[in-house]
>>> print(open('protein.cif').read())   # mmCIF, C-alpha atoms
data_start
loop_
_atom_site.label_atom_id
_atom_site.label_comp_id
_atom_site.auth_asym_id
_atom_site.auth_seq_id
_atom_site.Cartn_x
_atom_site.Cartn_y
_atom_site.Cartn_z
CA MET A 1 0.00 0.00 0.00
CA SER A 2 2.96 2.35 0.28
CA GLU A 3 5.04 1.82 -2.86
CA ASN A 4 4.97 5.59 -3.36
CA LYS A 5 6.27 7.55 -0.44
CA THR A 6 4.62 10.75 0.70
CA ILE A 7 6.40 13.81 -0.69
CA VAL A 8 8.72 14.92 2.04
CA ARG A 9 8.84 18.39 3.47
CA TRP A 10 11.70 19.91 1.52
CA HIS A 11 9.92 19.25 -1.75
CA ARG A 12 7.21 21.71 -0.87
CA PRO A 13 8.59 25.23 -0.55
CA SER A 14 6.62 26.44 -3.56
CA VAL A 15 3.39 25.41 -1.90
CA SER A 16 3.92 26.34 1.71
CA ARG A 17 6.72 28.91 1.24
CA SER A 18 8.28 27.72 4.49
CA ARG A 19 10.01 24.74 5.93
CA GLY A 20 7.74 23.10 8.44
CA CYS A 21 8.46 23.19 12.15
CA VAL A 22 6.70 23.21 15.49
CA VAL A 23 6.72 26.28 17.70
CA TRP A 24 5.86 24.89 21.11
CA PHE A 25 4.52 27.53 23.52
CA THR A 26 4.59 26.54 27.19
CA GLY A 27 3.61 28.49 30.26
CA LEU A 28 1.02 28.90 32.98
CA SER A 29 -2.67 29.23 32.28
CA GLY A 30 -3.25 32.89 31.49
CA SER A 31 0.38 33.52 30.51
CA GLY A 32 -0.62 34.49 26.98
CA LYS A 33 0.38 31.39 24.99
CA SER A 34 -2.70 31.22 22.76
CA THR A 35 -2.88 34.97 22.32
CA VAL A 36 0.74 35.21 21.20
CA ALA A 37 0.44 32.07 19.04
CA ASN A 38 -2.62 33.50 17.27
CA ARG A 39 -0.84 36.83 16.70
CA VAL A 40 2.16 34.96 15.22
CA ASP A 41 -0.30 33.02 13.02
CA GLU A 42 -1.71 36.30 11.71
CA LEU A 43 1.75 37.72 11.00
CA LEU A 44 2.70 34.52 9.14
CA ALA A 45 -0.52 34.64 7.10
CA GLU A 46 0.37 38.21 6.07
CA ARG A 47 3.65 36.83 4.75
CA GLN A 48 1.85 34.00 2.92
CA VAL A 49 3.41 31.43 5.20
CA SER A 50 1.15 28.48 6.05
CA ALA A 51 0.76 28.03 9.76
CA PHE A 52 -1.78 26.62 12.15
CA VAL A 53 -2.53 27.08 15.84
CA LEU A 54 -3.20 23.96 17.88
CA ASP A 55 -4.71 24.80 21.23
CA GLY A 56 -7.38 23.66 23.63
CA ASP A 57 -10.07 25.20 21.46
CA ASN A 58 -9.55 22.86 18.53
CA VAL A 59 -8.16 19.82 20.30
CA ARG A 60 -10.21 19.43 23.46
CA HIS A 61 -13.45 18.86 21.56
CA GLY A 62 -11.94 16.49 19.01
CA LEU A 63 -8.68 14.58 19.14
CA ASN A 64 -8.21 14.96 22.90
CA ALA A 65 -11.85 15.02 23.95
CA SER A 66 -12.98 14.13 27.45
CA PRO A 67 -14.80 10.90 28.31
CA GLU A 68 -18.03 12.91 28.54
CA ILE A 69 -17.70 14.20 24.98
CA LEU A 70 -16.67 10.81 23.57
CA SER A 71 -19.59 9.06 25.23
CA ARG A 72 -22.00 10.97 22.98
CA ASN A 73 -20.97 8.87 19.97
CA HIS A 74 -19.13 5.94 21.52
CA SER A 75 -19.66 3.31 24.20
CA GLU A 76 -18.88 4.05 27.85
CA GLU A 77 -16.03 1.56 27.75
CA PHE A 78 -14.54 3.36 24.77
CA ALA A 79 -15.04 6.82 26.26
CA ASN A 80 -13.44 5.88 29.55
CA ARG A 81 -10.43 4.29 27.93
CA PHE A 82 -9.58 6.90 25.31
CA GLY A 83 -11.15 10.06 26.68
CA LEU A 84 -8.71 12.36 28.47
CA THR A 85 -9.11 13.88 31.90
CA PHE A 86 -6.49 15.87 33.83
CA ALA A 87 -5.10 12.77 35.58
CA PRO A 88 -1.33 12.21 35.17
CA LEU A 89 -1.46 9.50 32.45
CA ASP A 90 -4.09 11.47 30.56
CA ARG A 91 -1.98 14.65 30.61
CA GLU A 92 0.93 12.64 29.26
CA GLU A 93 -1.22 11.30 26.42
CA ASN A 94 -2.64 14.77 25.77
CA ILE A 95 0.85 16.12 25.10
CA ARG A 96 1.91 13.01 23.16
CA ARG A 97 -0.99 13.30 20.70
CA ILE A 98 -0.35 17.03 20.21
CA ALA A 99 3.34 16.38 19.55
CA CYS A 100 2.46 13.74 16.95
CA VAL A 101 -0.01 16.05 15.21
CA GLY A 102 2.50 18.90 15.29
CA GLU A 103 5.02 16.61 13.65
CA LEU A 104 2.52 15.75 10.89
CA PHE A 105 1.86 19.46 10.26
CA ALA A 106 5.60 20.16 10.12
CA THR A 107 6.06 17.30 7.66
CA ALA A 108 3.27 18.83 5.57
CA GLY A 109 5.36 22.02 5.39
CA LEU A 110 3.40 24.13 7.86
CA ILE A 111 4.53 26.00 10.93
CA ALA A 112 2.52 24.43 13.74
CA LEU A 113 2.01 26.72 16.74
CA THR A 114 1.04 24.70 19.79
CA ALA A 115 -0.31 26.49 22.85
CA PHE A 116 -0.72 24.20 25.85
CA VAL A 117 0.41 24.59 29.46
CA SER A 118 2.54 21.43 29.04
CA PRO A 119 3.92 21.81 32.56
CA TYR A 120 6.23 18.80 32.73
CA ARG A 121 9.75 18.85 31.37
CA ARG A 122 9.69 15.16 30.55
CA ASP A 123 6.58 15.46 28.35
CA ARG A 124 8.09 18.42 26.50
CA GLU A 125 11.33 16.51 25.99
CA LEU A 126 9.35 13.61 24.50
CA ALA A 127 7.60 16.09 22.21
CA ARG A 128 11.00 17.43 21.18
CA GLN A 129 12.15 13.87 20.40
CA VAL A 130 9.04 13.10 18.34
CA ILE A 131 9.37 16.31 16.33
CA SER A 132 13.11 16.84 16.01
CA GLY A 133 14.08 13.21 15.65
CA GLN A 134 15.60 11.86 12.46
CA GLY A 135 18.05 14.68 11.96
CA ALA A 136 15.60 17.58 12.08
CA ALA A 137 17.09 19.03 15.24
CA ASP A 138 15.85 22.58 14.70
CA ASP A 139 12.24 21.63 13.96
CA PHE A 140 11.18 21.95 17.61
CA ILE A 141 11.23 25.51 18.92
CA GLU A 142 10.31 25.76 22.58
CA VAL A 143 8.88 29.12 23.59
CA PHE A 144 8.66 29.76 27.31
CA VAL A 145 5.94 32.33 27.94
CA ASP A 146 7.34 33.39 31.28
CA THR A 147 4.57 35.39 32.88
CA PRO A 148 4.63 35.62 36.69
CA LEU A 149 1.95 33.60 38.46
CA GLU A 150 0.62 36.78 40.11
CA VAL A 151 -0.01 38.34 36.69
CA CYS A 152 -1.67 35.17 35.32
CA GLU A 153 -3.84 34.90 38.38
CA GLN A 154 -4.85 38.53 38.17
CA ARG A 155 -5.81 38.13 34.48
CA ASP A 156 -7.59 34.81 35.11
CA PRO A 157 -9.37 34.98 31.72
CA LYS A 158 -11.38 31.82 32.32
CA GLY A 159 -11.85 32.15 36.06
CA LEU A 160 -9.82 28.99 36.56
CA TYR A 161 -7.48 30.34 39.24
CA LYS A 162 -10.44 31.44 41.29
CA LYS A 163 -11.90 27.94 41.07
CA ALA A 164 -8.53 26.36 41.85
CA ARG A 165 -8.08 28.58 44.94
CA ALA A 166 -11.58 27.61 46.02
CA GLY A 167 -10.69 23.93 45.65
CA GLU A 168 -13.22 23.42 42.85
CA ILE A 169 -10.47 22.41 40.42
CA LYS A 170 -7.74 20.10 41.65
CA ASN A 171 -4.20 19.61 40.38
CA PHE A 172 -4.19 23.04 38.78
CA THR A 173 -0.79 24.06 37.46
CA GLY A 174 0.82 26.77 39.58
CA ILE A 175 -1.57 26.27 42.47
CA ASP A 176 -1.48 22.63 43.57
CA ASP A 177 0.44 21.09 40.67
CA PRO A 178 3.97 22.09 39.64
CA TYR A 179 5.06 23.97 36.54
CA GLU A 180 8.54 22.93 35.50
CA PRO A 181 10.05 25.84 33.55
CA PRO A 182 12.19 25.02 30.49
CA LEU A 183 15.92 25.04 31.26
CA LYS A 184 17.06 26.00 27.76
CA PRO A 185 14.08 27.17 25.70
CA GLU A 186 14.81 28.37 22.18
CA ILE A 187 12.83 31.54 22.95
CA HIS A 188 12.22 33.07 26.38
CA LEU A 189 9.42 35.62 26.45
CA ALA A 190 8.85 38.03 29.32
CA GLY A 191 5.10 37.61 29.22
CA GLY A 192 4.17 40.06 31.94
CA SER A 193 6.18 43.06 30.74
CA GLN A 194 5.85 43.17 26.95
CA SER A 195 2.91 43.65 24.64
CA ILE A 196 1.45 40.87 22.54
CA ASP A 197 2.87 42.52 19.43
CA GLU A 198 6.35 42.69 20.93
CA LEU A 199 6.20 39.05 22.03
CA ALA A 200 4.92 37.91 18.63
CA ALA A 201 7.59 39.95 16.86
CA ALA A 202 10.29 38.19 18.88
CA VAL A 203 9.00 34.81 17.65
CA ILE A 204 8.85 35.99 14.02
CA SER A 205 12.37 37.37 14.32
CA TYR A 206 13.65 34.02 15.60
CA LEU A 207 11.92 32.11 12.80
CA GLN A 208 13.44 34.47 10.26
CA GLN A 209 16.95 34.10 11.68
CA ARG A 210 16.63 30.34 11.56
CA GLY A 211 15.57 30.34 7.92
CA LYS A 212 12.07 29.11 8.68
CA LEU A 213 10.50 31.83 6.55
CA THR A 214 11.53 31.68 2.93
CA ALA A 215 9.23 34.54 1.92
CA MET B 1 -6.30 31.85 26.73
CA SER B 2 -8.40 32.11 23.61
CA GLU B 3 -9.40 35.74 23.35
CA ASN B 4 -8.19 35.71 19.75
CA LYS B 5 -9.73 33.00 17.62
CA THR B 6 -7.69 31.02 15.16
CA ILE B 7 -8.01 32.37 11.63
CA VAL B 8 -10.65 30.23 9.98
CA ARG B 9 -10.24 28.38 6.73
CA TRP B 10 -11.81 30.80 4.29
CA HIS B 11 -9.32 33.52 5.24
CA ARG B 12 -6.51 31.49 3.79
CA PRO B 13 -6.89 31.01 0.05
CA SER B 14 -3.85 33.14 -0.69
CA VAL B 15 -1.70 30.83 1.40
CA SER B 16 -3.05 27.41 0.62
CA ARG B 17 -4.73 28.19 -2.72
CA SER B 18 -7.47 25.70 -1.87
CA ARG B 19 -10.31 25.29 0.52
CA GLY B 20 -9.50 22.52 2.94
CA CYS B 21 -11.27 19.19 2.88
CA VAL B 22 -10.68 15.53 3.63
CA VAL B 23 -10.54 12.98 0.83
CA TRP B 24 -11.17 9.71 2.63
CA PHE B 25 -9.96 6.65 0.72
CA THR B 26 -11.44 3.34 1.86
CA GLY B 27 -10.96 -0.17 0.50
CA LEU B 28 -9.32 -3.50 1.09
CA SER B 29 -5.64 -3.90 1.87
CA GLY B 30 -3.85 -3.89 -1.48
CA SER B 31 -6.69 -2.06 -3.24
CA GLY B 32 -4.43 0.89 -4.11
CA LYS B 33 -5.57 3.50 -1.58
CA SER B 34 -2.13 4.82 -0.63
CA THR B 35 -0.80 4.62 -4.17
CA VAL B 36 -3.69 6.64 -5.59
CA ALA B 37 -3.62 9.07 -2.64
CA ASN B 38 0.09 9.71 -3.17
CA ARG B 39 -0.43 10.23 -6.90
CA VAL B 40 -3.21 12.73 -6.15
CA ASP B 41 -0.84 14.45 -3.71
CA GLU B 42 1.77 14.81 -6.46
CA LEU B 43 -0.79 16.20 -8.90
CA LEU B 44 -1.96 18.72 -6.30
CA ALA B 45 1.63 19.77 -5.56
CA GLU B 46 2.12 20.45 -9.29
CA ARG B 47 -0.86 22.81 -9.04
CA GLN B 48 0.57 24.50 -5.95
CA VAL B 49 -2.27 23.15 -3.84
CA SER B 50 -1.27 22.17 -0.29
CA ALA B 51 -2.19 18.60 0.48
CA PHE B 52 -0.98 15.84 2.77
CA VAL B 53 -1.31 12.08 2.82
CA LEU B 54 -2.19 10.44 6.11
CA ASP B 55 -1.62 6.70 6.00
CA GLY B 56 -0.26 3.87 8.06
CA ASP B 57 3.29 4.92 7.28
CA ASN B 58 3.10 8.21 9.15
CA VAL B 59 0.42 7.40 11.71
CA ARG B 60 1.20 3.90 12.94
CA HIS B 61 4.59 4.91 14.36
CA GLY B 62 3.35 8.10 15.96
CA LEU B 63 -0.17 9.17 16.78
CA ASN B 64 -1.67 5.68 16.54
CA ALA B 65 1.34 3.68 17.66
CA SER B 66 1.04 0.18 19.08
CA PRO B 67 1.54 -0.63 22.78
CA GLU B 68 4.96 -2.06 21.86
CA ILE B 69 6.12 1.20 20.30
CA LEU B 70 4.69 3.36 23.11
CA SER B 71 6.36 1.23 25.77
CA ARG B 72 9.78 2.43 24.55
CA ASN B 73 9.19 5.88 26.04
CA HIS B 74 6.22 5.37 28.35
CA SER B 75 5.16 3.09 31.20
CA GLU B 76 3.55 -0.29 30.48
CA GLU B 77 0.28 0.97 31.95
CA PHE B 78 0.33 3.94 29.60
CA ALA B 79 1.29 1.87 26.56
CA ASN B 80 -1.44 -0.67 27.18
CA ARG B 81 -4.13 1.93 27.66
CA PHE B 82 -3.37 4.26 24.77
CA GLY B 83 -1.50 2.03 22.34
CA LEU B 84 -3.65 0.67 19.52
CA THR B 85 -3.92 -2.95 18.40
CA PHE B 86 -6.35 -4.37 15.85
CA ALA B 87 -9.01 -5.17 18.46
CA PRO B 88 -12.46 -3.66 17.81
CA LEU B 89 -12.24 -0.69 20.23
CA ASP B 90 -8.74 0.08 19.03
CA ARG B 91 -9.79 0.11 15.39
CA GLU B 92 -12.57 2.50 16.30
CA GLU B 93 -10.12 4.82 18.07
CA ASN B 94 -7.66 4.51 15.17
CA ILE B 95 -10.26 5.90 12.77
CA ARG B 96 -11.49 8.52 15.26
CA ARG B 97 -8.01 10.02 15.73
CA ILE B 98 -7.42 10.07 11.97
CA ALA B 99 -10.75 11.81 11.40
CA CYS B 100 -9.89 14.46 14.00
CA VAL B 101 -6.45 15.07 12.47
CA GLY B 102 -7.99 15.22 8.98
CA GLU B 103 -10.39 17.84 10.27
CA LEU B 104 -7.52 19.90 11.67
CA PHE B 105 -5.69 19.75 8.33
CA ALA B 106 -8.86 20.80 6.49
CA THR B 107 -9.32 23.70 8.92
CA ALA B 108 -5.72 24.70 8.19
CA GLY B 109 -6.70 24.94 4.50
CA LEU B 110 -5.08 21.74 3.27
CA ILE B 111 -6.54 18.84 1.33
CA ALA B 112 -5.99 15.87 3.63
CA LEU B 113 -5.82 12.54 1.80
CA THR B 114 -6.43 9.68 4.23
CA ALA B 115 -5.66 6.13 3.14
CA PHE B 116 -6.84 3.52 5.62
CA VAL B 117 -8.87 0.33 5.14
CA SER B 118 -11.54 1.81 7.45
CA PRO B 119 -13.78 -1.23 6.88
CA TYR B 120 -16.77 -0.29 9.05
CA ARG B 121 -19.55 1.94 7.82
CA ARG B 122 -20.25 3.30 11.29
CA ASP B 123 -16.67 4.47 11.83
CA ARG B 124 -16.66 6.19 8.44
CA GLU B 125 -19.97 7.85 9.23
CA LEU B 126 -18.52 9.18 12.48
CA ALA B 127 -15.53 10.49 10.52
CA ARG B 128 -17.94 12.20 8.15
CA GLN B 129 -19.72 13.81 11.11
CA VAL B 130 -16.47 15.03 12.66
CA ILE B 131 -15.26 16.53 9.39
CA SER B 132 -18.42 17.77 7.71
CA GLY B 133 -20.19 18.96 10.84
CA GLN B 134 -20.93 22.61 11.43
CA GLY B 135 -22.29 23.28 7.97
CA ALA B 136 -19.30 22.08 5.94
CA ALA B 137 -21.21 19.23 4.32
CA ASP B 138 -18.93 18.88 1.32
CA ASP B 139 -15.70 18.75 3.30
CA PHE B 140 -15.77 14.95 3.56
CA ILE B 141 -15.22 13.17 0.25
CA GLU B 142 -15.45 9.40 0.55
CA VAL B 143 -13.53 7.53 -2.15
CA PHE B 144 -14.30 3.84 -2.44
CA VAL B 145 -11.31 2.09 -4.01
CA ASP B 146 -13.32 -0.86 -5.23
CA THR B 147 -10.73 -3.44 -6.17
CA PRO B 148 -11.88 -7.09 -6.16
CA LEU B 149 -10.56 -9.19 -3.31
CA GLU B 150 -8.95 -11.60 -5.80
CA VAL B 151 -6.92 -8.77 -7.29
CA CYS B 152 -5.87 -7.43 -3.88
CA GLU B 153 -4.89 -10.90 -2.74
CA GLN B 154 -2.89 -11.53 -5.87
CA ARG B 155 -1.02 -8.22 -5.45
CA ASP B 156 -0.50 -8.80 -1.72
CA PRO B 157 2.20 -6.10 -1.56
CA LYS B 158 2.98 -6.71 2.09
CA GLY B 159 2.37 -10.46 2.19
CA LEU B 160 -0.52 -9.89 4.59
CA TYR B 161 -3.11 -12.00 2.75
CA LYS B 162 -0.72 -14.94 2.75
CA LYS B 163 -0.29 -14.58 6.49
CA ALA B 164 -4.04 -14.17 7.02
CA ARG B 165 -4.78 -17.32 4.97
CA ALA B 166 -2.19 -19.18 7.01
CA GLY B 167 -3.91 -17.99 10.20
CA GLU B 168 -0.88 -15.97 11.30
CA ILE B 169 -2.92 -12.74 11.24
CA LYS B 170 -6.42 -12.78 12.69
CA ASN B 171 -9.40 -10.54 11.98
CA PHE B 172 -7.96 -9.55 8.62
CA THR B 173 -10.38 -7.51 6.52
CA GLY B 174 -11.75 -9.49 3.59
CA ILE B 175 -10.59 -12.84 4.98
CA ASP B 176 -12.03 -13.28 8.47
CA ASP B 177 -13.30 -9.78 9.15
CA PRO B 178 -15.92 -7.99 7.06
CA TYR B 179 -15.45 -5.03 4.73
CA GLU B 180 -18.59 -2.92 4.58
CA PRO B 181 -18.56 -1.10 1.23
CA PRO B 182 -19.78 2.51 1.16
CA LEU B 183 -23.41 2.80 0.05
CA LYS B 184 -23.10 6.29 -1.46
CA PRO B 185 -19.44 7.25 -1.77
CA GLU B 186 -18.70 10.60 -3.38
CA ILE B 187 -16.26 8.84 -5.71
CA HIS B 188 -16.34 5.18 -6.75
CA LEU B 189 -13.11 3.95 -8.30
CA ALA B 190 -12.81 0.68 -10.22
CA GLY B 191 -9.47 -0.17 -8.67
CA GLY B 192 -8.77 -3.37 -10.55
CA SER B 193 -9.44 -2.17 -14.09
CA GLN B 194 -7.94 1.33 -14.34
CA SER B 195 -4.41 2.64 -14.04
CA ILE B 196 -3.19 4.67 -11.07
CA ASP B 197 -3.06 7.76 -13.27
CA GLU B 198 -6.67 7.27 -14.40
CA LEU B 199 -7.86 6.74 -10.83
CA ALA B 200 -5.96 9.80 -9.57
CA ALA B 201 -7.30 11.89 -12.47
CA ALA B 202 -10.85 11.00 -11.47
CA VAL B 203 -10.23 12.34 -7.97
CA ILE B 204 -8.65 15.55 -9.27
CA SER B 205 -11.58 16.02 -11.63
CA TYR B 206 -14.06 15.66 -8.77
CA LEU B 207 -12.15 18.16 -6.62
CA GLN B 208 -12.10 20.61 -9.49
CA GLN B 209 -15.83 20.28 -10.13
CA ARG B 210 -16.53 20.88 -6.46
CA GLY B 211 -14.47 24.05 -6.39
CA LYS B 212 -11.86 22.58 -4.08
CA LEU B 213 -9.01 23.74 -6.31
CA THR B 214 -8.89 27.47 -6.74
CA ALA B 215 -5.70 27.39 -8.82
#
>>> encode(input="protein.cif", output="structure tokens")
Amino acid sequence: MSENKTIVRWHRPSVSRSRGCVVWFTGLSGSGKSTVANRVDELLAERQVSAFVLDGDNVRHGLNASPEILSRNHSEEFANRFGLTFAPLDREENIRRIACVGELFATAGLIALTAFVSPYRRDRELARQVISGQGAADDFIEVFVDTPLEVCEQRDPKGLYKKARAGEIKNFTGIDDPYEPPLKPEIHLAGGSQSIDELAAAVISYLQQRGKLTA
Amino acid sequence: MSENKTIVRWHRPSVSRSRGCVVWFTGLSGSGKSTVANRVDELLAERQVSAFVLDGDNVRHGLNASPEILSRNHSEEFANRFGLTFAPLDREENIRRIACVGELFATAGLIALTAFVSPYRRDRELARQVISGQGAADDFIEVFVDTPLEVCEQRDPKGLYKKARAGEIKNFTGIDDPYEPPLKPEIHLAGGSQSIDELAAAVISYLQQRGKLTA
């Protein structure tokens, strides 16, 4: 079934006008990951570079849906096995699936922008392995959105910190579950002290320096 | 974290030069799904249309890896829960994850070409729902690669039919597990009697008629 191999990523510059890669945003809830990723996506679209944001909005209702969501169209047994909660194994699988999808997007020639808390160093290192394996060492770009907890908690765009402080959400990163900051991220963003445009510009600048934008 | 929404697919024609969709190839092992999908991919690349083939080659080692593969980097408990075998629930999850990834690619503006046996009507109908939900009814294009079992078994590119006949592989589609042919596929290809180029041309022609190729 696979006599013909899929066209590999370096055959595609005329279509995507970029080499594919994964820009992996990590940081606390409320740090600005999705906001910056979406601004970078807009700036790339202006340059005719194909990119795509993967975040909770498009993954949590589909690929990484909860048992509750899956049980609408699947058996309980199925939903409980494959649906993802916030338990440790489920978080690990959440990040694993995202890394694999990011790798597929990169292979397709796109710049995948992933915006998930991804609090554990080990999970991020596995994502790096999945994406930058096989000689593509610069295809995984870790962006630490380093916004102080106090700032995130003050923003609290979804009211999650309030719930976590009230004990309504358990194992919430930064409150009763650890966030392990990257030791050597490719990009370190001061999330609390710069504007979204400045943060996004820093990412674009890095991509340009690394030859990720051919346009 | 999602104040800014991801740019939606119809904002992107200048980047991808196509509206995204999923072309879902289904048929027996050896029917020619991957070969035709890869030929379509090449023809789309010639037209500067962004496309991507999802098949066993790029999914079975990553997103839908087996317990054996997952156990290399994860615990046994993790590998056994999330790794996929050919058991019924696992096949269902295999198709579900592929449908969700296809939907993401389509949202990103690409033409996703999926090439999996996908033998069960119900699983394909769920894929159709995932992809063509929310008013995008023509975003799921089912292509039945209708190659007679005798032809597939004679080709036997991976030696799987031989193994299935010898009882070394169980629940093999067409031998001891059913293949449920699509009742109303968007495209019906006579896999045994036409060349790869003719089959691929039929798919391109359909995409053109449906306005999926703006170039």
>>> resolve_selection(input="protein.cif", expression="the PyMOL selection byres ((chain A and resi 57-74) around 10)", output="count of residues only")
44
>>> closest_residue(input="protein.cif", among="A:Ile141, A:Arg124, A:Pro157, A:Ala106", to="chain B", atoms="all atoms listed in the file")
A:Pro157
>>> closest_residue(input="protein.cif", among="B:Ala51, B:Val40, B:Leu113, B:Leu149", to="chain A", atoms="all atoms listed in the file")
B:Ala51
>>> residues_around(input="protein.cif", residues="stretch 25-27 of chain A", least_positions_apart="4", cutoff="12 Å", atoms="all atoms listed in the file", output="mmCIF file with C-alpha atoms, in the frame of the given file")
data_model
loop_
_atom_site.group_PDB
_atom_site.id
_atom_site.type_symbol
_atom_site.label_atom_id
_atom_site.label_comp_id
_atom_site.auth_asym_id
_atom_site.auth_seq_id
_atom_site.Cartn_x
_atom_site.Cartn_y
_atom_site.Cartn_z
ATOM 1 C CA SER A 31 0.380 33.520 30.510
ATOM 2 C CA GLY A 32 -0.620 34.490 26.980
ATOM 3 C CA LYS A 33 0.380 31.390 24.990
ATOM 4 C CA SER A 34 -2.700 31.220 22.760
ATOM 5 C CA THR A 35 -2.880 34.970 22.320
ATOM 6 C CA VAL A 36 0.740 35.210 21.200
ATOM 7 C CA ALA A 37 0.440 32.070 19.040
ATOM 8 C CA ASN A 38 -2.620 33.500 17.270
ATOM 9 C CA VAL A 40 2.160 34.960 15.220
ATOM 10 C CA VAL A 53 -2.530 27.080 15.840
ATOM 11 C CA LEU A 54 -3.200 23.960 17.880
ATOM 12 C CA ASP A 55 -4.710 24.800 21.230
ATOM 13 C CA ILE A 95 0.850 16.120 25.100
ATOM 14 C CA ALA A 99 3.340 16.380 19.550
ATOM 15 C CA ALA A 112 2.520 24.430 13.740
ATOM 16 C CA LEU A 113 2.010 26.720 16.740
ATOM 17 C CA THR A 114 1.040 24.700 19.790
ATOM 18 C CA ALA A 115 -0.310 26.490 22.850
ATOM 19 C CA PHE A 116 -0.720 24.200 25.850
ATOM 20 C CA VAL A 117 0.410 24.590 29.460
ATOM 21 C CA SER A 118 2.540 21.430 29.040
ATOM 22 C CA PRO A 119 3.920 21.810 32.560
ATOM 23 C CA TYR A 120 6.230 18.800 32.730
ATOM 24 C CA ARG A 121 9.750 18.850 31.370
ATOM 25 C CA ASP A 123 6.580 15.460 28.350
ATOM 26 C CA ARG A 124 8.090 18.420 26.500
ATOM 27 C CA ALA A 127 7.600 16.090 22.210
ATOM 28 C CA PHE A 140 11.180 21.950 17.610
ATOM 29 C CA ILE A 141 11.230 25.510 18.920
ATOM 30 C CA GLU A 142 10.310 25.760 22.580
ATOM 31 C CA VAL A 143 8.880 29.120 23.590
ATOM 32 C CA PHE A 144 8.660 29.760 27.310
ATOM 33 C CA VAL A 145 5.940 32.330 27.940
ATOM 34 C CA ASP A 146 7.340 33.390 31.280
ATOM 35 C CA THR A 147 4.570 35.390 32.880
ATOM 36 C CA PRO A 148 4.630 35.620 36.690
ATOM 37 C CA LEU A 149 1.950 33.600 38.460
ATOM 38 C CA CYS A 152 -1.670 35.170 35.320
ATOM 39 C CA THR A 173 -0.790 24.060 37.460
ATOM 40 C CA GLY A 174 0.820 26.770 39.580
ATOM 41 C CA PRO A 178 3.970 22.090 39.640
ATOM 42 C CA TYR A 179 5.060 23.970 36.540
ATOM 43 C CA GLU A 180 8.540 22.930 35.500
ATOM 44 C CA PRO A 181 10.050 25.840 33.550
ATOM 45 C CA PRO A 182 12.190 25.020 30.490
ATOM 46 C CA PRO A 185 14.080 27.170 25.700
ATOM 47 C CA GLU A 186 14.810 28.370 22.180
ATOM 48 C CA ILE A 187 12.830 31.540 22.950
ATOM 49 C CA HIS A 188 12.220 33.070 26.380
ATOM 50 C CA LEU A 189 9.420 35.620 26.450
ATOM 51 C CA ALA A 190 8.850 38.030 29.320
ATOM 52 C CA GLY A 191 5.100 37.610 29.220
ATOM 53 C CA GLY A 192 4.170 40.060 31.940
ATOM 54 C CA LEU A 199 6.200 39.050 22.030
ATOM 55 C CA ALA A 200 4.920 37.910 18.630
ATOM 56 C CA VAL A 203 9.000 34.810 17.650
ATOM 57 C CA MET B 1 -6.300 31.850 26.730
#
>>> residues_around(input="protein.cif", residues="A:Ala164", least_positions_apart="3", cutoff="12 Å", atoms="all atoms listed in the file", output="ChimeraX atom specification")
/A:29,153,156,158-161,167-177
>>> write_last_selection(input="protein.cif", atoms="C-alpha atoms", output="mmCIF file, in the frame of the given file")
data_model
loop_
_atom_site.group_PDB
_atom_site.id
_atom_site.type_symbol
_atom_site.label_atom_id
_atom_site.label_comp_id
_atom_site.auth_asym_id
_atom_site.auth_seq_id
_atom_site.Cartn_x
_atom_site.Cartn_y
_atom_site.Cartn_z
ATOM 1 C CA SER A 29 -2.670 29.230 32.280
ATOM 2 C CA GLU A 153 -3.840 34.900 38.380
ATOM 3 C CA ASP A 156 -7.590 34.810 35.110
ATOM 4 C CA LYS A 158 -11.380 31.820 32.320
ATOM 5 C CA GLY A 159 -11.850 32.150 36.060
ATOM 6 C CA LEU A 160 -9.820 28.990 36.560
ATOM 7 C CA TYR A 161 -7.480 30.340 39.240
ATOM 8 C CA GLY A 167 -10.690 23.930 45.650
ATOM 9 C CA GLU A 168 -13.220 23.420 42.850
ATOM 10 C CA ILE A 169 -10.470 22.410 40.420
ATOM 11 C CA LYS A 170 -7.740 20.100 41.650
ATOM 12 C CA ASN A 171 -4.200 19.610 40.380
ATOM 13 C CA PHE A 172 -4.190 23.040 38.780
ATOM 14 C CA THR A 173 -0.790 24.060 37.460
ATOM 15 C CA GLY A 174 0.820 26.770 39.580
ATOM 16 C CA ILE A 175 -1.570 26.270 42.470
ATOM 17 C CA ASP A 176 -1.480 22.630 43.570
ATOM 18 C CA ASP A 177 0.440 21.090 40.670
#
>>> atom_distance(input="protein.cif", atom1="atom CA of A:Arg210", atom2="atom CA of A:Arg47")
16.0 Å
>>> closest_residue(input="protein.cif", among="B:Ala108, B:Val151, B:Leu44, B:Val23", to="chain A", atoms="all atoms listed in the file")
B:Ala108
>>> closest_residue(input="protein.cif", among="B:Asp138, B:Thr214, B:Ala45, B:Ser195", to="chain A", atoms="only C-alpha atoms")
B:Ala45
